[in-house]
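Worksheet: the structure to be examined is printed underneath.
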Amino acid sequence: MKYVIRRIAVEEWRELRAIRLESLLDSPDAFGVRHADAVVLSDRTWREQAERGAAGADDGLFVAIDETGSWAGTAGAAPLDGIPDTAHVHAVYVAPAHRGPDGPARALMEAAVDFAREHTDCTWLTLGVREDNHRAMAFYRRIGFHDLGKTVPYPLDSTKSLRILGCPDFRVFPSS
């Protein structure tokens with residue numbers, strides 16, 4: 001199947017809401033929010049999220065759309081609040097029917113990484129993945145992210161940790 005990968009449009013907040021809620025049902029431990037908390041967010045909140053992902057100068061959210069026009073996945077990148085000089089990949093999700101080597105995951109990640117390179121002046125690009133999410137960990141390593149040896153507590157369960165992975169070639173500086 002072929003996919004179109006593009007930045008979300010401001011008016012697509014309803015589609016964003018639908019795929020985010022789907023992702024929280026499908027993978028309740030993969031994101032830092034619970035479905036029950038996300039489902040009660042106001043339309044205004046969803047509009048603001050779509051606007052940031054569509055029009056933010058340094059916050060981009062990308063969507064994969066399949067041949068039928070359905071949303072198959074998302075990935076975004078933005079500077080990380082509270083951590084100077086670091087951008088972070090977020091909202092990575094691919095619907096189950098679109099997972100695998102022919103799915104849009106790699107292209108979504110490439111779009112997010114390219115966006116962070118072109119629209120931020122950050123030196124580092126990271127992402128966080130739960131230590132027990134072996135499928136995601138293997139995918140991120142396969143596309144070149146590496147373990148930085150850092151963990152942070154998972155916000156929804158203090159007994160779990162997020163492993164921080166980095167993109168080693170995010171900023172390649174010429175040698176002098």
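The chains in the structure tokens are called A, B, ... from first to last as shown; in each chain the residues are counted from 1, and the ligands are counted from 1 in the order shown.
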
Using only C-alpha atoms, which residues sit within 12 Å of Ala57 of chain A once same-chain residues fewer than 2 positions away are excluded, as a JSON list (two decimals) with all heavy atoms, in the first residue's frame?
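The result, stored in selection_2.json:
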```
[["chain", "number", "residue", "atom", "x", "y", "z"],
["A", 51, "GLU", "N", -3.49, 22.88, 15.61],
["A", 51, "GLU", "CA", -2.87, 24.13, 15.15],
["A", 51, "GLU", "C", -1.37, 24.13, 15.40],
["A", 51, "GLU", "O", -0.59, 24.52, 14.53],
["A", 51, "GLU", "CB", -3.53, 25.31, 15.86],
["A", 51, "GLU", "CG", -3.03, 26.64, 15.34],
["A", 51, "GLU", "CD", -3.79, 27.81, 15.94],
["A", 51, "GLU", "OE1", -5.03, 27.71, 16.06],
["A", 51, "GLU", "OE2", -3.13, 28.81, 16.28],
["A", 52, "ARG", "N", -0.95, 23.69, 16.59],
["A", 52, "ARG", "CA", 0.49, 23.62, 16.88],
["A", 52, "ARG", "C", 1.20, 22.68, 15.91],
["A", 52, "ARG", "O", 2.27, 22.99, 15.40],
["A", 52, "ARG", "CB", 0.73, 23.15, 18.31],
["A", 52, "ARG", "CG", 0.72, 24.24, 19.34],
["A", 52, "ARG", "CD", 1.26, 23.78, 20.69],
["A", 52, "ARG", "NE", 0.69, 22.53, 21.17],
["A", 52, "ARG", "CZ", -0.46, 22.43, 21.83],
["A", 52, "ARG", "NH1", -1.17, 23.48, 22.09],
["A", 52, "ARG", "NH2", -0.89, 21.24, 22.23],
["A", 53, "GLY", "N", 0.61, 21.52, 15.67],
["A", 53, "GLY", "CA", 1.24, 20.55, 14.78],
["A", 53, "GLY", "C", 1.24, 20.96, 13.32],
["A", 53, "GLY", "O", 2.09, 20.54, 12.55],
["A", 54, "ALA", "N", 0.27, 21.80, 12.96],
["A", 54, "ALA", "CA", 0.15, 22.23, 11.57],
["A", 54, "ALA", "C", 0.91, 23.51, 11.27],
["A", 54, "ALA", "O", 1.47, 23.67, 10.19],
["A", 54, "ALA", "CB", -1.33, 22.45, 11.22],
["A", 55, "ALA", "N", 0.89, 24.42, 12.23],
["A", 55, "ALA", "CA", 1.42, 25.76, 11.94],
["A", 55, "ALA", "C", 2.52, 26.20, 12.89],
["A", 55, "ALA", "O", 3.05, 27.29, 12.74],
["A", 55, "ALA", "CB", 0.27, 26.77, 11.98],
["A", 59, "ASP", "N", 7.20, 23.04, 15.96],
["A", 59, "ASP", "CA", 6.43, 21.89, 16.42],
["A", 59, "ASP", "C", 5.65, 21.36, 15.23],
["A", 59, "ASP", "O", 4.70, 22.00, 14.77],
["A", 59, "ASP", "CB", 5.48, 22.31, 17.55],
["A", 59, "ASP", "CG", 4.75, 21.13, 18.19],
["A", 59, "ASP", "OD1", 4.75, 20.03, 17.61],
["A", 59, "ASP", "OD2", 4.17, 21.33, 19.27],
["A", 60, "GLY", "N", 6.06, 20.22, 14.69],
["A", 60, "GLY", "CA", 5.40, 19.67, 13.51],
["A", 60, "GLY", "C", 4.83, 18.29, 13.78],
["A", 60, "GLY", "O", 5.47, 17.46, 14.41],
["A", 61, "LEU", "N", 3.61, 18.08, 13.32],
["A", 61, "LEU", "CA", 2.97, 16.77, 13.45],
["A", 61, "LEU", "C", 2.62, 16.27, 12.05],
["A", 61, "LEU", "O", 1.99, 16.99, 11.26],
["A", 61, "LEU", "CB", 1.70, 16.86, 14.31],
["A", 61, "LEU", "CG", 0.97, 15.53, 14.53],
["A", 61, "LEU", "CD1", 1.87, 14.54, 15.28],
["A", 61, "LEU", "CD2", -0.33, 15.76, 15.29],
["A", 77, "ALA", "N", 7.55, 16.12, 16.00],
["A", 77, "ALA", "CA", 8.81, 16.53, 16.62],
["A", 77, "ALA", "C", 8.68, 17.98, 17.05],
["A", 77, "ALA", "O", 8.04, 18.79, 16.37],
["A", 77, "ALA", "CB", 9.97, 16.37, 15.66],
["A", 78, "ALA", "N", 9.30, 18.28, 18.19],
["A", 78, "ALA", "CA", 9.27, 19.64, 18.74],
["A", 78, "ALA", "C", 10.38, 19.76, 19.78],
["A", 78, "ALA", "O", 10.84, 18.74, 20.32],
["A", 78, "ALA", "CB", 7.93, 19.93, 19.39],
["A", 79, "PRO", "N", 10.80, 20.98, 20.10],
["A", 79, "PRO", "CA", 11.74, 21.15, 21.20],
["A", 79, "PRO", "C", 11.15, 20.59, 22.49],
["A", 79, "PRO", "O", 9.93, 20.64, 22.70],
["A", 79, "PRO", "CB", 11.91, 22.67, 21.29],
["A", 79, "PRO", "CG", 11.60, 23.15, 19.90],
["A", 79, "PRO", "CD", 10.52, 22.24, 19.42],
["A", 115, "PHE", "N", 11.89, 17.42, 9.89],
["A", 115, "PHE", "CA", 11.28, 18.65, 10.38],
["A", 115, "PHE", "C", 12.12, 19.24, 11.52],
["A", 115, "PHE", "O", 12.40, 20.44, 11.53],
["A", 115, "PHE", "CB", 9.85, 18.39, 10.87],
["A", 115, "PHE", "CG", 9.21, 19.61, 11.45],
["A", 115, "PHE", "CD1", 8.56, 20.51, 10.64],
["A", 115, "PHE", "CD2", 9.28, 19.87, 12.81],
["A", 115, "PHE", "CE1", 8.00, 21.66, 11.16],
["A", 115, "PHE", "CE2", 8.72, 21.02, 13.36],
["A", 115, "PHE", "CZ", 8.07, 21.92, 12.52],
["A", 116, "ALA", "N", 12.51, 18.42, 12.47],
["A", 116, "ALA", "CA", 13.30, 18.91, 13.59],
["A", 116, "ALA", "C", 14.63, 19.50, 13.12],
["A", 116, "ALA", "O", 15.08, 20.52, 13.62],
["A", 116, "ALA", "CB", 13.53, 17.80, 14.61],
["A", 118, "GLU", "N", 15.22, 20.88, 10.18],
["A", 118, "GLU", "CA", 15.00, 22.09, 9.39],
["A", 118, "GLU", "C", 14.35, 23.24, 10.17],
["A", 118, "GLU", "O", 14.50, 24.40, 9.80],
["A", 118, "GLU", "CB", 14.14, 21.75, 8.17],
["A", 118, "GLU", "CG", 14.84, 20.80, 7.21],
["A", 118, "GLU", "CD", 13.90, 20.21, 6.17],
["A", 118, "GLU", "OE1", 12.78, 20.70, 6.00],
["A", 118, "GLU", "OE2", 14.32, 19.21, 5.53],
["A", 119, "HIS", "N", 13.62, 22.93, 11.23],
["A", 119, "HIS", "CA", 12.82, 23.96, 11.90],
["A", 119, "HIS", "C", 13.21, 24.23, 13.35],
["A", 119, "HIS", "O", 12.55, 25.03, 14.01],
["A", 119, "HIS", "CB", 11.34, 23.59, 11.82],
["A", 119, "HIS", "CG", 10.84, 23.57, 10.43],
["A", 119, "HIS", "ND1", 10.41, 24.69, 9.76],
["A", 119, "HIS", "CD2", 10.71, 22.55, 9.54],
["A", 119, "HIS", "CE1", 10.04, 24.38, 8.53],
["A", 119, "HIS", "NE2", 10.22, 23.08, 8.38],
["A", 120, "THR", "N", 14.23, 23.55, 13.85],
["A", 120, "THR", "CA", 14.72, 23.87, 15.19],
["A", 120, "THR", "C", 16.22, 24.09, 15.09],
["A", 120, "THR", "O", 16.86, 23.66, 14.13],
["A", 120, "THR", "CB", 14.46, 22.74, 16.22],
["A", 120, "THR", "OG1", 15.38, 21.66, 16.00],
["A", 120, "THR", "CG2", 13.02, 22.23, 16.16],
["A", 121, "ASP", "N", 16.74, 24.76, 16.10],
["A", 121, "ASP", "CA", 18.19, 24.92, 16.15],
["A", 121, "ASP", "C", 18.80, 24.02, 17.23],
["A", 121, "ASP", "O", 19.92, 24.22, 17.66],
["A", 121, "ASP", "CB", 18.58, 26.37, 16.35],
["A", 121, "ASP", "CG", 18.02, 26.96, 17.63],
["A", 121, "ASP", "OD1", 17.31, 26.24, 18.36],
["A", 121, "ASP", "OD2", 18.28, 28.14, 17.91]]
```

Contacts of segment 61-169 of chain A with segment 28-38 of chain A up to 10 Å, shortest pair per row, only C-alpha atoms, as CSV:
```
residue,atom,partner,partner_atom,distance
A:His90,CA,A:Phe31,CA,9.0
A:Ala91,CA,A:Phe31,CA,7.7
A:Val92,CA,A:Phe31,CA,9.1
A:Tyr93,CA,A:Ala30,CA,9.2
A:Gly128,CA,A:Phe31,CA,9.5
A:Val129,CA,A:Ala30,CA,7.2
A:Arg130,CA,A:Ala30,CA,6.7
A:Asp132,CA,A:Asp29,CA,9.5
A:Asn133,CA,A:Ala30,CA,7.4
A:Ala136,CA,A:Ala30,CA,9.1
A:Tyr154,CA,A:Gly32,CA,7.2
A:Pro155,CA,A:Gly32,CA,5.9
A:Leu156,CA,A:Gly32,CA,6.2
A:Asp157,CA,A:Asp29,CA,9.0
A:Lys160,CA,A:Asp29,CA,9.9
A:Leu162,CA,A:Ala30,CA,9.6
```

For those residues, write all heavy atoms to a file as a CSV table (one decimal), in the first residue's frame.
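The new file out_36.csv reads:
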```
chain,number,residue,atom,x,y,z
A,90,HIS,N,7.7,12.7,19.1
A,90,HIS,CA,6.5,12.4,19.9
A,90,HIS,C,5.3,11.9,19.1
A,90,HIS,O,5.4,12.0,17.8
A,90,HIS,CB,6.1,13.6,20.8
A,90,HIS,CG,5.6,14.8,19.9
A,90,HIS,ND1,4.3,14.9,19.5
A,90,HIS,CD2,6.3,15.8,19.4
A,90,HIS,CE1,4.3,16.0,18.8
A,90,HIS,NE2,5.4,16.6,18.7
A,91,ALA,N,4.3,11.4,19.7
A,91,ALA,CA,3.1,11.0,19.0
A,91,ALA,C,3.3,10.0,17.9
A,91,ALA,O,2.6,10.0,16.9
A,91,ALA,CB,2.3,12.2,18.5
A,92,VAL,N,4.2,9.1,18.1
A,92,VAL,CA,4.5,8.1,17.1
A,92,VAL,C,3.5,6.9,17.2
A,92,VAL,O,3.4,6.3,18.3
A,92,VAL,CB,5.9,7.5,17.1
A,92,VAL,CG1,6.1,6.5,16.1
A,92,VAL,CG2,6.9,8.7,17.0
A,93,TYR,N,2.7,6.8,16.2
A,93,TYR,CA,1.6,5.7,16.2
A,93,TYR,C,1.3,5.3,14.8
A,93,TYR,O,1.2,6.1,13.9
A,93,TYR,CB,0.4,6.2,16.9
A,93,TYR,CG,-0.8,5.2,16.8
A,93,TYR,CD1,-0.7,4.0,17.6
A,93,TYR,CD2,-1.8,5.4,15.9
A,93,TYR,CE1,-1.7,3.1,17.5
A,93,TYR,CE2,-2.9,4.4,15.8
A,93,TYR,CZ,-2.8,3.3,16.6
A,93,TYR,OH,-3.8,2.3,16.5
A,128,GLY,N,11.5,9.0,23.8
A,128,GLY,CA,11.3,8.1,24.9
A,128,GLY,C,10.4,6.9,24.6
A,128,GLY,O,9.4,7.1,24.0
A,129,VAL,N,10.9,5.7,25.1
A,129,VAL,CA,10.1,4.5,24.8
A,129,VAL,C,10.1,3.7,26.1
A,129,VAL,O,11.1,3.6,26.8
A,129,VAL,CB,10.6,3.7,23.6
A,129,VAL,CG1,12.0,3.3,23.8
A,129,VAL,CG2,9.7,2.6,23.3
A,130,ARG,N,8.9,3.2,26.5
A,130,ARG,CA,8.9,2.3,27.7
A,130,ARG,C,9.8,1.2,27.5
A,130,ARG,O,9.9,0.5,26.5
A,130,ARG,CB,7.5,1.8,28.0
A,130,ARG,CG,6.8,2.8,28.9
A,130,ARG,CD,5.6,2.3,29.6
A,130,ARG,NE,5.6,0.9,30.0
A,130,ARG,CZ,4.5,0.4,30.6
A,130,ARG,NH1,3.5,1.1,31.0
A,130,ARG,NH2,4.5,-0.9,30.9
A,132,ASP,N,9.7,-1.8,28.5
A,132,ASP,CA,9.1,-3.0,28.1
A,132,ASP,C,8.3,-3.0,26.8
A,132,ASP,O,7.7,-4.0,26.4
A,132,ASP,CB,8.2,-3.5,29.3
A,132,ASP,CG,7.1,-2.5,29.6
A,132,ASP,OD1,7.1,-1.4,29.1
A,132,ASP,OD2,6.2,-2.8,30.4
A,133,ASN,N,8.5,-2.0,26.0
A,133,ASN,CA,7.9,-1.9,24.7
A,133,ASN,C,8.9,-2.4,23.7
A,133,ASN,O,9.6,-1.6,23.0
A,133,ASN,CB,7.4,-0.5,24.4
A,133,ASN,CG,6.6,-0.4,23.1
A,133,ASN,OD1,6.6,-1.3,22.3
A,133,ASN,ND2,5.8,0.6,23.0
A,136,ALA,N,8.6,-1.4,19.8
A,136,ALA,CA,9.0,-0.1,19.4
A,136,ALA,C,10.5,0.1,19.6
A,136,ALA,O,11.1,0.7,18.7
A,136,ALA,CB,8.2,0.9,20.3
A,154,TYR,N,8.2,6.7,34.0
A,154,TYR,CA,7.0,6.8,33.1
A,154,TYR,C,5.9,7.5,33.9
A,154,TYR,O,5.6,7.1,35.0
A,154,TYR,CB,6.6,5.4,32.8
A,154,TYR,CG,5.4,5.3,31.9
A,154,TYR,CD1,5.3,5.9,30.7
A,154,TYR,CD2,4.3,4.6,32.4
A,154,TYR,CE1,4.2,5.8,29.9
A,154,TYR,CE2,3.1,4.5,31.6
A,154,TYR,CZ,3.1,5.1,30.4
A,154,TYR,OH,2.0,5.0,29.6
A,155,PRO,N,5.3,8.5,33.4
A,155,PRO,CA,4.4,9.4,34.1
A,155,PRO,C,3.2,8.7,34.6
A,155,PRO,O,2.6,9.1,35.6
A,155,PRO,CB,4.1,10.5,33.2
A,155,PRO,CG,4.6,10.2,31.9
A,155,PRO,CD,5.6,9.1,32.0
A,156,LEU,N,2.8,7.6,34.0
A,156,LEU,CA,1.5,6.9,34.4
A,156,LEU,C,1.7,5.8,35.3
A,156,LEU,O,0.8,5.2,35.8
A,156,LEU,CB,0.7,6.5,33.2
A,156,LEU,CG,0.3,7.6,32.2
A,156,LEU,CD1,-0.5,7.0,31.0
A,156,LEU,CD2,-0.5,8.6,32.9
A,157,ASP,N,3.0,5.4,35.5
A,157,ASP,CA,3.3,4.2,36.4
A,157,ASP,C,4.7,4.4,36.9
A,157,ASP,O,5.7,4.1,36.2
A,157,ASP,CB,3.1,2.9,35.6
A,157,ASP,CG,3.4,1.7,36.4
A,157,ASP,OD1,3.9,1.8,37.6
A,157,ASP,OD2,3.0,0.6,35.9
A,160,LYS,N,7.6,1.9,36.3
A,160,LYS,CA,8.1,1.7,34.9
A,160,LYS,C,9.0,2.9,34.5
A,160,LYS,O,8.8,4.0,35.1
A,160,LYS,CB,7.0,1.6,33.9
A,160,LYS,CG,5.9,0.5,34.2
A,160,LYS,CD,6.5,-0.9,34.0
A,160,LYS,CE,5.4,-1.9,34.2
A,160,LYS,NZ,5.9,-3.2,34.0
A,162,LEU,N,10.9,5.1,31.1
A,162,LEU,CA,11.1,5.4,29.7
A,162,LEU,C,12.6,5.4,29.4
A,162,LEU,O,13.4,6.1,30.2
A,162,LEU,CB,10.5,6.8,29.3
A,162,LEU,CG,9.1,7.0,29.4
A,162,LEU,CD1,8.7,8.4,29.1
A,162,LEU,CD2,8.3,6.1,28.4
```

Within 8 Å of segment 3-13 of chain A, which residues of segment 57-105 of chain A come that close, and what is the closest atom pair and distance in Å for each? Count only C-alpha atoms and give it as CSV.
```
residue,atom,partner,partner_atom,distance
A:Gly60,CA,A:Arg7,CA,6.9
A:Leu61,CA,A:Arg7,CA,5.7
A:Phe62,CA,A:Arg7,CA,4.3
A:Val63,CA,A:Arg6,CA,5.6
A:Ala64,CA,A:Ile5,CA,4.6
A:Ile65,CA,A:Val4,CA,5.2
A:Asp66,CA,A:Tyr3,CA,4.7
A:Glu67,CA,A:Tyr3,CA,6.5
A:Pro104,CA,A:Tyr3,CA,6.6
```

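Of the residues under consideration (A:Ala107, A:Ala50, A:Leu165, A:Leu148), A:Leu165 shows the shortest atom-to-atom contact distance to Val89 of chain A when counting only C-alpha atoms.
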
Give me the residues within 12 Å of Thr123 of chain A as a CSV table (one decimal) with all heavy atoms, in the first residue's frame, counting only C-alpha atoms and dropping any in the same chain fewer than 6 places off.
```csv
chain,number,residue,atom,x,y,z
A,79,PRO,N,10.8,21.0,20.1
A,79,PRO,CA,11.7,21.2,21.2
A,79,PRO,C,11.2,20.6,22.5
A,79,PRO,O,9.9,20.6,22.7
A,79,PRO,CB,11.9,22.7,21.3
A,79,PRO,CG,11.6,23.2,19.9
A,79,PRO,CD,10.5,22.2,19.4
A,80,LEU,N,12.0,20.1,23.3
A,80,LEU,CA,11.6,19.4,24.6
A,80,LEU,C,11.6,20.5,25.7
A,80,LEU,O,12.6,21.1,26.0
A,80,LEU,CB,12.5,18.3,24.9
A,80,LEU,CG,12.1,17.3,26.0
A,80,LEU,CD1,10.8,16.7,25.6
A,80,LEU,CD2,13.1,16.2,26.1
A,83,ILE,N,14.4,21.0,28.7
A,83,ILE,CA,15.7,20.5,28.4
A,83,ILE,C,16.3,21.2,27.2
A,83,ILE,O,15.9,21.1,26.1
A,83,ILE,CB,15.6,19.0,28.0
A,83,ILE,CG1,14.9,18.3,29.2
A,83,ILE,CG2,17.0,18.4,27.7
A,83,ILE,CD1,15.0,16.8,29.3
A,84,PRO,N,17.2,22.1,27.5
A,84,PRO,CA,17.8,23.0,26.5
A,84,PRO,C,18.4,22.2,25.4
A,84,PRO,O,19.0,21.2,25.6
A,84,PRO,CB,18.8,23.8,27.3
A,84,PRO,CG,18.5,23.6,28.7
A,84,PRO,CD,17.8,22.3,28.8
A,85,ASP,N,18.3,22.8,24.2
A,85,ASP,CA,19.0,22.3,23.0
A,85,ASP,C,18.6,20.9,22.6
A,85,ASP,O,19.3,20.3,21.9
A,85,ASP,CB,20.5,22.4,23.3
A,85,ASP,CG,21.3,22.5,22.0
A,85,ASP,OD1,20.8,23.0,21.0
A,85,ASP,OD2,22.5,22.1,21.9
A,86,THR,N,17.4,20.5,23.0
A,86,THR,CA,17.0,19.1,22.7
A,86,THR,C,15.6,19.2,22.1
A,86,THR,O,14.6,19.7,22.6
A,86,THR,CB,17.0,18.3,23.9
A,86,THR,OG1,18.3,18.3,24.5
A,86,THR,CG2,16.6,16.8,23.6
A,87,ALA,N,15.4,18.6,20.9
A,87,ALA,CA,14.1,18.3,20.3
A,87,ALA,C,13.8,16.9,20.6
A,87,ALA,O,14.6,16.0,20.9
A,87,ALA,CB,14.2,18.6,18.8
A,88,HIS,N,12.5,16.6,20.5
A,88,HIS,CA,12.0,15.3,20.9
A,88,HIS,C,10.9,14.8,19.9
A,88,HIS,O,10.1,15.5,19.5
A,88,HIS,CB,11.4,15.4,22.3
A,88,HIS,CG,11.1,14.1,23.0
A,88,HIS,ND1,12.2,13.3,23.5
A,88,HIS,CD2,10.0,13.4,23.3
A,88,HIS,CE1,11.7,12.3,24.1
A,88,HIS,NE2,10.4,12.3,24.0
A,116,ALA,N,12.5,18.4,12.5
A,116,ALA,CA,13.3,18.9,13.6
A,116,ALA,C,14.6,19.5,13.1
A,116,ALA,O,15.1,20.5,13.6
A,116,ALA,CB,13.5,17.8,14.6
A,117,ARG,N,15.2,18.9,12.1
A,117,ARG,CA,16.5,19.4,11.6
A,117,ARG,C,16.3,20.8,10.9
A,117,ARG,O,17.1,21.6,11.1
A,117,ARG,CB,17.0,18.4,10.5
A,117,ARG,CG,18.0,17.5,10.9
A,117,ARG,CD,18.7,16.8,9.7
A,117,ARG,NE,19.3,15.6,10.2
A,117,ARG,CZ,18.8,14.4,9.9
A,117,ARG,NH1,17.9,14.2,9.1
A,117,ARG,NH2,19.4,13.3,10.5
A,166,GLY,N,18.6,8.4,21.3
A,166,GLY,CA,19.0,9.5,20.5
A,166,GLY,C,19.2,9.2,19.1
A,166,GLY,O,19.5,8.1,18.7
A,167,CYS,N,19.1,10.3,18.3
A,167,CYS,CA,19.4,10.2,16.8
A,167,CYS,C,20.9,10.6,16.6
A,167,CYS,O,21.2,11.8,16.7
A,167,CYS,CB,18.4,11.1,16.1
A,167,CYS,SG,18.6,11.0,14.3
A,168,PRO,N,21.8,9.7,16.4
A,168,PRO,CA,23.2,10.0,16.3
A,168,PRO,C,23.6,11.0,15.2
A,168,PRO,O,24.6,11.7,15.4
A,168,PRO,CB,23.9,8.7,16.2
A,168,PRO,CG,22.9,7.8,15.5
A,168,PRO,CD,21.5,8.3,16.0
A,169,ASP,N,22.9,11.0,14.1
A,169,ASP,CA,23.3,11.8,13.0
A,169,ASP,C,22.4,13.0,12.8
A,169,ASP,O,22.3,13.6,11.8
A,169,ASP,CB,23.3,11.0,11.7
A,169,ASP,CG,24.3,9.8,11.7
A,169,ASP,OD1,25.3,10.0,12.3
A,169,ASP,OD2,24.0,8.8,11.2
A,170,PHE,N,21.7,13.4,13.9
A,170,PHE,CA,20.8,14.5,13.8
A,170,PHE,C,21.5,15.8,13.4
A,170,PHE,O,21.0,16.4,12.4
A,170,PHE,CB,20.1,14.7,15.2
A,170,PHE,CG,19.1,15.9,15.2
A,170,PHE,CD1,18.0,15.9,14.3
A,170,PHE,CD2,19.3,17.0,16.0
A,170,PHE,CE1,17.2,16.9,14.3
A,170,PHE,CE2,18.4,18.0,16.0
A,170,PHE,CZ,17.4,18.0,15.1
A,171,ARG,N,22.5,16.1,14.0
A,171,ARG,CA,23.3,17.3,13.6
A,171,ARG,C,24.8,16.8,13.4
A,171,ARG,O,25.4,16.4,14.3
A,171,ARG,CB,23.4,18.4,14.7
A,171,ARG,CG,22.0,19.0,15.0
A,171,ARG,CD,21.8,20.1,14.0
A,171,ARG,NE,20.6,20.8,14.4
A,171,ARG,CZ,19.5,21.0,13.6
A,171,ARG,NH1,19.5,20.7,12.4
A,171,ARG,NH2,18.5,21.7,14.1
A,172,VAL,N,25.2,16.8,12.1
A,172,VAL,CA,26.5,16.3,11.8
A,172,VAL,C,27.3,17.6,11.5
A,172,VAL,O,27.0,18.3,10.6
A,172,VAL,CB,26.5,15.4,10.6
A,172,VAL,CG1,27.9,15.0,10.3
A,172,VAL,CG2,25.7,14.2,10.9
A,173,PHE,N,28.3,17.9,12.3
A,173,PHE,CA,29.1,19.1,12.1
A,173,PHE,C,30.4,18.7,11.4
A,173,PHE,O,31.0,17.7,11.7
A,173,PHE,CB,29.5,19.7,13.5
A,173,PHE,CG,28.3,20.1,14.3
A,173,PHE,CD1,27.8,19.3,15.3
A,173,PHE,CD2,27.6,21.3,13.9
A,173,PHE,CE1,26.7,19.7,16.0
A,173,PHE,CE2,26.5,21.7,14.6
A,173,PHE,CZ,26.0,20.9,15.7
```

Exercise for review: Per DSSP on the backbone, filter segment 40-162 of chain A down to the residues in strand (DSSP E or B) and report them as a VMD selection string.
Suggested key: chain A and resid 60 to 65 71 to 79 86 to 94 124 to 130 146 to 154 157 to 162

Counting only C-alpha atoms, which residues of segment 22-45 of chain A sit at most 9 Å from some atom of segment 94-103 of chain A, and what is each one's closest atom pair with its distance in Å to one decimal, listed by chain and rising residue number, as a tab-separated table?
```
residue	atom	partner	partner_atom	distance
A:Glu22	CA	A:Ala95	CA	8.1
A:Ser23	CA	A:Ala95	CA	7.4
A:Asp26	CA	A:Ala95	CA	8.2
```

Revision key, fill the gap. The distance between atom CA of Lys2 of chain A and atom CA of Glu48 of chain A is 29.4 Å

Practice item. Run DSSP on the backbone of this structure and report the residues of segment 37-68 of chain A it assigns to alpha helix (DSSP H), as an MDAnalysis selection string. Key: chainID A and resid 37:38 43:55
